[in-house]
Structures are given as structure tokens and as C-alpha cells.
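Below is one structure; the comments refer to it alone.
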Amino acid sequence: MSLAEQIGAATCEAFVLTRRSPVRGGDINEAELWLGRDGRRFFVKLNRADRLAMFEAEADGLIEIVSTGAIRAPRPVCSGIDGDRAFLVLEYLKLDGRGDAAELGRRLASLHRHTQPQFGWRRANTIGATLQPNDWLADWLVFLKEKRLGYQLELARQRGAAARLIEQGERLLTRLGFFFQGYAPVPSLLHGDLWGGNYGFANGEPVLFDPAVYYGDREADLAMTELFGGFPEAFYAAYREAWPLDPGYETRKIVYNLYHILNHFNLFGGGYAVQAERMIGSLLARAG
């Protein structure tokens, strides 16, 4: 079946495409707005056929978020293959940057209240275009070492990162426990890729999209909000009022953002290796 036919099958209503237009904003996928003869609209993401698993994991992540009722996210319609292209069709939400940032903070805290007994998720997904392993583990430090920082360091080694970055990174892995003395996170449902380009507002209501979900330390989501310019101050004030943060967050956020900087090096190269080295050096200096 064609993509339009698969939309019709998924919605139990024939879909006749009348217009498709590109949507800007993504680095990994192509995105389009599809308009049907009956006025229905869908947001369609496209990539190579071998990226179907990435789209299926994203759809599962959106369902996980929507099922909590904590915050809105676009509902998946269908995913599959059309010719030589993988696709993911989502509910179309007209998004803009205007809305209540404080409500976004409260809704995120509510999302984080949804927990599991262990850290991880039921399937691997992707952070950008990088595989993100999510095997269930009871110990957060082991998960952080093996499935996050250690995994990215090994990718950096394969990419040809400088020996100093790898050596210092491996040394940091042996000292991670220093940053978790007296702090034991619960496995909270995380968006997983929460930078400023992955939220918006639909009719003023907060919306999250493009997730890389797993159950982890809620501080990891908060840390990433600060990585590329930060969210409005009202967001942080409302989140802290709903669920105060441990004082150690101010240091641990460097640990969590190191994961994303290493991933950016592995995806894009450039100066991210230097930034990662600085972050590692700062953490090692604190750990002694």
C-alpha cells in the first residue's frame, strides 16, 4: 500500500492527499505536512527504509508519554515503508512558541512522577541518529556507565577521538560514584532529548515531541534543558516548586550533559570533542 493508503487503513477512513509541503527544523529526518481532500492534516517524517526501527521506537515513546496523561504529545497514526522510504505519520498539532512556561514545568514534573522499578526501557531507541541502548538495570550508576557515557566514549574511540579524551573519560567512569553520594534517583519517565527545539505549545497547551524516552534520573531531563540556551525561568521555578531538586544537581547536570556533547561529537565532529574534554576535566577536578 502507498503511504496515503496506509494512513487510510490506520484511521479507518480513506485518505486522499491533496497537498504536501515541507516542514523545516529537523537535522535527521525530512518532515512534511500532508493535507487531505477532507481537510485532515498529518505530520509525516521520512527517512531511509533502514530507519524504520527508529520511527517505530519514536512512536512507542510518544505513546508512553501520552498514556501518562501528564503532558500532551502528538499521537502516532502509523509507520511503515513506502517504496524505499521509511515513514512515521503523526497527529498534526499547530505549534508555536507562545504558552505558559510555568505550566510546562509543572507538566514535566508530573511526567517524571511516572516511574518503574528499574532504569531503562522496553526497547532501544535513538538519540539523534545514534542508537541508545536501554536494557533494564536496577543500578543507576551501572546504567549511566554502560548504557550512556561508556557507550558514547566507545563510539568516540571508533570515530578517532583523541586519546586524552578517551583516557580522561574512562577515568571519569571510575569516579562517577563521587557525584551520587547521598543521592539515589528513582527511575522516572524521561523525554530523553529535551532541548528547546523539542517542545512547543498548541493553543497555549505544552507539547513535547521528538522523544528518546527511557526511565532514568529526572535530573537528566532538567540538565538538557540548560544545554542549548535554556528554557524560560518560569519553567524552572514551577518545576522546582512541584518537585524540588537535590543541591547536587548543579554538579550532576554536567555529567548528564556530557552524554549529549559526546553524542554531538559522534554525530557531527567539530569542536564538541574540546567541549567534552573541558567538561570531563571540570568533573575530575571536583572528584579529586
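Quick note on naming: the chains in the C-alpha cells go A, B, ... in the order shown, residues restart at 1 in each chain, and ligands are numbered from 1 in order of appearance.
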Selection near stretch 211-220 of chain A, 7 Å with only C-alpha atoms, sequence-local residues under 2 positions removed, as a ChimeraX atom specification: /A:58,61-62,112,115-116,119-121,125-127,134,185-193,209,222-224,249,253,256
Save out the residues we just selected, N, CA and C atoms, as a PDB file, in the first residue's frame.
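Result went into out15.pdb, see below:
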```pdb
ATOM      1  N   GLU A  58      10.289   5.745  18.184  1.00  0.00           N
ATOM      2  CA  GLU A  58       9.773   7.083  18.477  1.00  0.00           C
ATOM      3  C   GLU A  58       8.265   7.031  18.724  1.00  0.00           C
ATOM      4  N   GLY A  61       7.615   5.700  22.069  1.00  0.00           N
ATOM      5  CA  GLY A  61       7.926   6.700  23.082  1.00  0.00           C
ATOM      6  C   GLY A  61       6.824   7.735  23.227  1.00  0.00           C
ATOM      7  N   LEU A  62       6.273   8.167  22.109  1.00  0.00           N
ATOM      8  CA  LEU A  62       5.164   9.115  22.164  1.00  0.00           C
ATOM      9  C   LEU A  62       3.954   8.498  22.862  1.00  0.00           C
ATOM     10  N   HIS A 112       7.536  13.113  35.207  1.00  0.00           N
ATOM     11  CA  HIS A 112       8.614  12.454  35.946  1.00  0.00           C
ATOM     12  C   HIS A 112       8.107  11.656  37.142  1.00  0.00           C
ATOM     13  N   THR A 115       6.939   6.253  37.246  1.00  0.00           N
ATOM     14  CA  THR A 115       8.180   5.534  37.499  1.00  0.00           C
ATOM     15  C   THR A 115       8.051   4.047  37.196  1.00  0.00           C
ATOM     16  N   GLN A 116       9.205   3.388  37.171  1.00  0.00           N
ATOM     17  CA  GLN A 116       9.316   1.944  37.013  1.00  0.00           C
ATOM     18  C   GLN A 116      10.258   1.412  38.094  1.00  0.00           C
ATOM     19  N   PHE A 119      15.794   1.015  35.806  1.00  0.00           N
ATOM     20  CA  PHE A 119      16.185   2.038  34.837  1.00  0.00           C
ATOM     21  C   PHE A 119      16.307   1.412  33.456  1.00  0.00           C
ATOM     22  N   GLY A 120      15.857   2.153  32.455  1.00  0.00           N
ATOM     23  CA  GLY A 120      15.922   1.669  31.085  1.00  0.00           C
ATOM     24  C   GLY A 120      14.576   1.803  30.399  1.00  0.00           C
ATOM     25  N   TRP A 121      14.345   0.937  29.437  1.00  0.00           N
ATOM     26  CA  TRP A 121      13.059   0.917  28.735  1.00  0.00           C
ATOM     27  C   TRP A 121      12.924  -0.417  28.026  1.00  0.00           C
ATOM     28  N   ASN A 125      16.220   2.824  21.481  1.00  0.00           N
ATOM     29  CA  ASN A 125      15.736   3.864  20.583  1.00  0.00           C
ATOM     30  C   ASN A 125      16.934   4.661  20.088  1.00  0.00           C
ATOM     31  N   THR A 126      16.735   5.898  19.688  1.00  0.00           N
ATOM     32  CA  THR A 126      17.858   6.681  19.171  1.00  0.00           C
ATOM     33  C   THR A 126      17.886   8.043  19.842  1.00  0.00           C
ATOM     34  N   ILE A 127      19.104   8.570  19.979  1.00  0.00           N
ATOM     35  CA  ILE A 127      19.312   9.947  20.425  1.00  0.00           C
ATOM     36  C   ILE A 127      19.950  10.654  19.232  1.00  0.00           C
ATOM     37  N   ASN A 134      18.842   0.650  26.010  1.00  0.00           N
ATOM     38  CA  ASN A 134      18.018   0.899  27.195  1.00  0.00           C
ATOM     39  C   ASN A 134      17.766  -0.352  28.027  1.00  0.00           C
ATOM     40  N   PRO A 185      18.502   8.403  42.780  1.00  0.00           N
ATOM     41  CA  PRO A 185      17.362   8.760  41.928  1.00  0.00           C
ATOM     42  C   PRO A 185      16.388   7.615  41.744  1.00  0.00           C
ATOM     43  N   VAL A 186      15.133   7.966  41.498  1.00  0.00           N
ATOM     44  CA  VAL A 186      14.120   6.968  41.139  1.00  0.00           C
ATOM     45  C   VAL A 186      14.050   6.898  39.617  1.00  0.00           C
ATOM     46  N   PRO A 187      13.633   5.770  39.054  1.00  0.00           N
ATOM     47  CA  PRO A 187      13.528   5.651  37.594  1.00  0.00           C
ATOM     48  C   PRO A 187      12.280   6.374  37.071  1.00  0.00           C
ATOM     49  N   SER A 188      12.451   7.637  36.706  1.00  0.00           N
ATOM     50  CA  SER A 188      11.367   8.477  36.202  1.00  0.00           C
ATOM     51  C   SER A 188      11.260   8.371  34.687  1.00  0.00           C
ATOM     52  N   LEU A 189      10.047   8.531  34.174  1.00  0.00           N
ATOM     53  CA  LEU A 189       9.859   8.566  32.730  1.00  0.00           C
ATOM     54  C   LEU A 189      10.425   9.878  32.198  1.00  0.00           C
ATOM     55  N   LEU A 190      11.407   9.782  31.328  1.00  0.00           N
ATOM     56  CA  LEU A 190      12.074  10.953  30.759  1.00  0.00           C
ATOM     57  C   LEU A 190      11.705  11.149  29.298  1.00  0.00           C
ATOM     58  N   HIS A 191      11.680  12.395  28.879  1.00  0.00           N
ATOM     59  CA  HIS A 191      11.593  12.681  27.452  1.00  0.00           C
ATOM     60  C   HIS A 191      12.866  12.192  26.777  1.00  0.00           C
ATOM     61  N   GLY A 192      14.007  12.498  27.366  1.00  0.00           N
ATOM     62  CA  GLY A 192      15.269  11.944  26.917  1.00  0.00           C
ATOM     63  C   GLY A 192      16.074  12.816  25.972  1.00  0.00           C
ATOM     64  N   ASP A 193      15.421  13.776  25.303  1.00  0.00           N
ATOM     65  CA  ASP A 193      16.115  14.645  24.351  1.00  0.00           C
ATOM     66  C   ASP A 193      15.512  16.046  24.449  1.00  0.00           C
ATOM     67  N   PHE A 209       7.656  16.644  21.884  1.00  0.00           N
ATOM     68  CA  PHE A 209       7.754  15.803  20.698  1.00  0.00           C
ATOM     69  C   PHE A 209       9.206  15.382  20.498  1.00  0.00           C
ATOM     70  N   LEU A 222      16.201  17.681  33.109  1.00  0.00           N
ATOM     71  CA  LEU A 222      16.387  19.077  33.503  1.00  0.00           C
ATOM     72  C   LEU A 222      17.727  19.596  33.001  1.00  0.00           C
ATOM     73  N   ALA A 223      18.761  18.762  33.100  1.00  0.00           N
ATOM     74  CA  ALA A 223      20.088  19.177  32.654  1.00  0.00           C
ATOM     75  C   ALA A 223      20.073  19.559  31.181  1.00  0.00           C
ATOM     76  N   MET A 224      19.429  18.745  30.344  1.00  0.00           N
ATOM     77  CA  MET A 224      19.465  19.038  28.922  1.00  0.00           C
ATOM     78  C   MET A 224      18.720  20.318  28.580  1.00  0.00           C
ATOM     79  N   TYR A 249      22.443  18.597  42.110  1.00  0.00           N
ATOM     80  CA  TYR A 249      22.091  18.714  40.694  1.00  0.00           C
ATOM     81  C   TYR A 249      23.023  19.657  39.953  1.00  0.00           C
ATOM     82  N   LYS A 253      24.461  17.902  36.671  1.00  0.00           N
ATOM     83  CA  LYS A 253      23.978  18.269  35.338  1.00  0.00           C
ATOM     84  C   LYS A 253      25.116  18.267  34.319  1.00  0.00           C
ATOM     85  N   TYR A 256      25.380  14.663  33.136  1.00  0.00           N
ATOM     86  CA  TYR A 256      24.315  14.287  32.212  1.00  0.00           C
ATOM     87  C   TYR A 256      24.463  14.965  30.854  1.00  0.00           C
TER      88      TYR A 256
END
```
Write out as a list in words the residues lying within 12 Å of A:Gly169, counting only C-alpha atoms and excluding same-chain residues fewer than 6 positions away. Lys145, Leu149, Gly150, Tyr151, Gln152, Leu153, Glu154, Ala156, Arg157, Ala161, Ala162, Ala163, Arg175, Leu176, Val255, Leu258, Tyr259, Leu262, Ala273, Ala276, Glu277, Arg278, Met279, Ile280, Gly281, Ser282, Leu283 and Leu284 of chain A
Could you pull out the strand (DSSP E) residues of stretch 150-272 of chain A from DSSP and send them as a PyMOL selection string? chain A and resi 188-190+199-202+205-208+214-216
Residues within 12 Å of A:Leu267, only C-alpha atoms, excluding chain neighbours under 3 positions, as a PDB file with N, CA and C atoms, in the first residue's frame:
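Final output, saved to result_16.pdb:
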```
ATOM      1  N   ASP A  27      17.236  17.863  11.811  1.00  0.00           N
ATOM      2  CA  ASP A  27      18.556  17.560  11.257  1.00  0.00           C
ATOM      3  C   ASP A  27      18.635  16.146  10.698  1.00  0.00           C
ATOM      4  N   ILE A  28      17.824  15.244  11.249  1.00  0.00           N
ATOM      5  CA  ILE A  28      17.961  13.822  10.953  1.00  0.00           C
ATOM      6  C   ILE A  28      16.992  13.373   9.872  1.00  0.00           C
ATOM      7  N   THR A 126      16.735   5.898  19.688  1.00  0.00           N
ATOM      8  CA  THR A 126      17.858   6.681  19.171  1.00  0.00           C
ATOM      9  C   THR A 126      17.886   8.043  19.842  1.00  0.00           C
ATOM     10  N   ILE A 127      19.104   8.570  19.979  1.00  0.00           N
ATOM     11  CA  ILE A 127      19.312   9.947  20.425  1.00  0.00           C
ATOM     12  C   ILE A 127      19.950  10.654  19.232  1.00  0.00           C
ATOM     13  N   GLY A 128      19.164  11.478  18.540  1.00  0.00           N
ATOM     14  CA  GLY A 128      19.557  11.905  17.209  1.00  0.00           C
ATOM     15  C   GLY A 128      19.489  10.681  16.308  1.00  0.00           C
ATOM     16  N   ALA A 129      20.598  10.398  15.620  1.00  0.00           N
ATOM     17  CA  ALA A 129      20.654   9.191  14.782  1.00  0.00           C
ATOM     18  C   ALA A 129      21.462   8.088  15.443  1.00  0.00           C
ATOM     19  N   THR A 130      21.868   8.288  16.699  1.00  0.00           N
ATOM     20  CA  THR A 130      22.702   7.320  17.403  1.00  0.00           C
ATOM     21  C   THR A 130      21.854   6.330  18.182  1.00  0.00           C
ATOM     22  N   LEU A 131      22.173   5.061  18.069  1.00  0.00           N
ATOM     23  CA  LEU A 131      21.478   4.058  18.861  1.00  0.00           C
ATOM     24  C   LEU A 131      21.610   4.382  20.346  1.00  0.00           C
ATOM     25  N   GLN A 152      28.923   6.035  24.680  1.00  0.00           N
ATOM     26  CA  GLN A 152      29.326   7.150  23.822  1.00  0.00           C
ATOM     27  C   GLN A 152      30.839   7.270  23.722  1.00  0.00           C
ATOM     28  N   LEU A 155      31.992   4.846  21.127  1.00  0.00           N
ATOM     29  CA  LEU A 155      31.722   5.374  19.786  1.00  0.00           C
ATOM     30  C   LEU A 155      32.741   6.449  19.420  1.00  0.00           C
ATOM     31  N   ALA A 156      33.106   7.280  20.398  1.00  0.00           N
ATOM     32  CA  ALA A 156      34.094   8.329  20.148  1.00  0.00           C
ATOM     33  C   ALA A 156      35.455   7.719  19.822  1.00  0.00           C
ATOM     34  N   ARG A 159      35.399   6.642  16.371  1.00  0.00           N
ATOM     35  CA  ARG A 159      35.370   7.798  15.464  1.00  0.00           C
ATOM     36  C   ARG A 159      36.738   8.470  15.365  1.00  0.00           C
ATOM     37  N   HIS A 260      25.292  14.131  26.044  1.00  0.00           N
ATOM     38  CA  HIS A 260      24.802  14.745  24.812  1.00  0.00           C
ATOM     39  C   HIS A 260      25.926  15.398  24.013  1.00  0.00           C
ATOM     40  N   ILE A 261      26.914  15.963  24.699  1.00  0.00           N
ATOM     41  CA  ILE A 261      28.040  16.555  23.972  1.00  0.00           C
ATOM     42  C   ILE A 261      28.862  15.471  23.286  1.00  0.00           C
ATOM     43  N   LEU A 262      29.086  14.350  23.966  1.00  0.00           N
ATOM     44  CA  LEU A 262      29.768  13.230  23.309  1.00  0.00           C
ATOM     45  C   LEU A 262      28.967  12.748  22.102  1.00  0.00           C
ATOM     46  N   ASN A 263      27.650  12.679  22.253  1.00  0.00           N
ATOM     47  CA  ASN A 263      26.820  12.248  21.124  1.00  0.00           C
ATOM     48  C   ASN A 263      26.921  13.230  19.965  1.00  0.00           C
ATOM     49  N   HIS A 264      26.961  14.523  20.275  1.00  0.00           N
ATOM     50  CA  HIS A 264      27.113  15.512  19.207  1.00  0.00           C
ATOM     51  C   HIS A 264      28.468  15.363  18.510  1.00  0.00           C
ATOM     52  N   GLY A 270      33.707  18.161  14.872  1.00  0.00           N
ATOM     53  CA  GLY A 270      33.953  19.560  15.186  1.00  0.00           C
ATOM     54  C   GLY A 270      34.442  19.791  16.603  1.00  0.00           C
ATOM     55  N   GLY A 271      34.046  20.940  17.164  1.00  0.00           N
ATOM     56  CA  GLY A 271      34.539  21.362  18.467  1.00  0.00           C
ATOM     57  C   GLY A 271      33.907  20.673  19.651  1.00  0.00           C
ATOM     58  N   TYR A 272      33.006  19.740  19.411  1.00  0.00           N
ATOM     59  CA  TYR A 272      32.365  19.059  20.541  1.00  0.00           C
ATOM     60  C   TYR A 272      33.359  18.227  21.340  1.00  0.00           C
ATOM     61  N   ALA A 273      34.408  17.745  20.713  1.00  0.00           N
ATOM     62  CA  ALA A 273      35.420  16.982  21.454  1.00  0.00           C
ATOM     63  C   ALA A 273      36.114  17.865  22.472  1.00  0.00           C
TER      64      ALA A 273
END
```
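Between atom CA of A:Leu194 and atom CA of A:Arg20 lies a distance of 28.1 Å.
Nearest residue to A:Lys94 among A:Pro117, A:Gly39, A:Pro74, A:Pro247 is A:Pro74, counting only C-alpha atoms.
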May I have the residues within 7 Å of stretch 14-19 of chain A as JSON, numbers by chain, using only C-alpha atoms and disregarding those fewer than 4 positions away in the same chain? {"A": [4, 5, 7, 8, 34, 35, 36, 37]}
Shell around A:Ala202 at 9 Å using only C-alpha atoms, local window under 4 positions removed, as a list in words: Leu93, Lys94, Leu95, Asp96, Gly97, Arg98, Gly99, Pro206 and Val207 of chain A
Kindly save the residues from that selection, with N, CA and C atoms included, as a CSV table (one decimal), in the first residue's frame.
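Ended up saving to result08.csv:
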```
chain,number,residue,atom,x,y,z
A,93,LEU,N,-0.3,18.9,15.0
A,93,LEU,CA,-0.6,19.9,16.0
A,93,LEU,C,0.0,21.2,15.5
A,94,LYS,N,-0.7,22.3,15.5
A,94,LYS,CA,-0.2,23.6,15.1
A,94,LYS,C,0.5,24.2,16.3
A,95,LEU,N,1.8,24.2,16.2
A,95,LEU,CA,2.6,24.6,17.4
A,95,LEU,C,3.2,26.0,17.2
A,96,ASP,N,3.4,26.7,18.3
A,96,ASP,CA,4.1,27.9,18.3
A,96,ASP,C,4.9,28.1,19.6
A,97,GLY,N,5.6,29.2,19.8
A,97,GLY,CA,6.4,29.3,21.0
A,97,GLY,C,5.7,30.1,22.1
A,98,ARG,N,4.4,30.3,21.9
A,98,ARG,CA,3.7,31.1,22.9
A,98,ARG,C,2.9,30.2,23.8
A,99,GLY,N,3.1,30.3,25.1
A,99,GLY,CA,2.4,29.5,26.0
A,99,GLY,C,2.9,29.7,27.4
A,206,PRO,N,1.2,23.0,26.7
A,206,PRO,CA,2.5,22.5,26.4
A,206,PRO,C,2.5,21.2,25.7
A,207,VAL,N,3.4,21.0,24.8
A,207,VAL,CA,3.5,19.8,24.0
A,207,VAL,C,5.0,19.4,23.9
```
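The gap separating atom CA of A:Arg72 from atom CA of A:Glu13 is 24.3 Å, in Å to one decimal.
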Per residue of stretch 82-160 of chain A within 12 Å of stretch 229-240 of chain A, note the shortest atom pair and the distance in Å to one decimal, counting only C-alpha atoms, and order the rows by chain and increasing residue number, as a tab-separated table.
```
residue	atom	partner	partner_atom	distance
A:Gly97	CA	A:Pro232	CA	11.2
A:Arg98	CA	A:Pro232	CA	11.5
A:Gly99	CA	A:Pro232	CA	10.9
A:Asp100	CA	A:Phe235	CA	8.3
A:Ala101	CA	A:Phe235	CA	4.8
A:Ala102	CA	A:Phe235	CA	4.4
A:Glu103	CA	A:Phe235	CA	7.2
A:Leu104	CA	A:Phe235	CA	6.2
A:Gly105	CA	A:Tyr239	CA	4.5
A:Arg106	CA	A:Tyr239	CA	5.2
A:Arg107	CA	A:Tyr239	CA	8.2
A:Leu108	CA	A:Tyr239	CA	7.3
A:Ala109	CA	A:Tyr239	CA	5.8
A:Ser110	CA	A:Tyr239	CA	9.1
A:Leu111	CA	A:Tyr239	CA	11.0
A:His112	CA	A:Tyr239	CA	10.4
A:Arg113	CA	A:Tyr239	CA	11.8
```
Could you tell me how far atom CA of A:Leu227 sits from atom CA of A:Leu245, in Å to one decimal place? 17.3 Å
Restricting the calculation to only C-alpha atoms, which member of A:His114, A:Leu90, A:Phe228, A:Ile63 is positioned closest to A:Arg41?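 Residue with the minimum atom-to-atom distance to A:Arg41: A:Leu90.
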Determine the nearest neighbour of A:Arg148 from the options A:Gly69, A:Tyr92, A:Asn198, A:Asn257, counting only C-alpha atoms.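 Among A:Gly69, A:Tyr92, A:Asn198, A:Asn257, it is A:Asn257 that comes nearest to A:Arg148.
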Using only C-alpha atoms, which of the listed residues (A:Arg286, A:Ile166, A:Pro22, A:Ala73) sits closest to A:Tyr199?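 Closest to A:Tyr199 of all the choices is A:Ala73.
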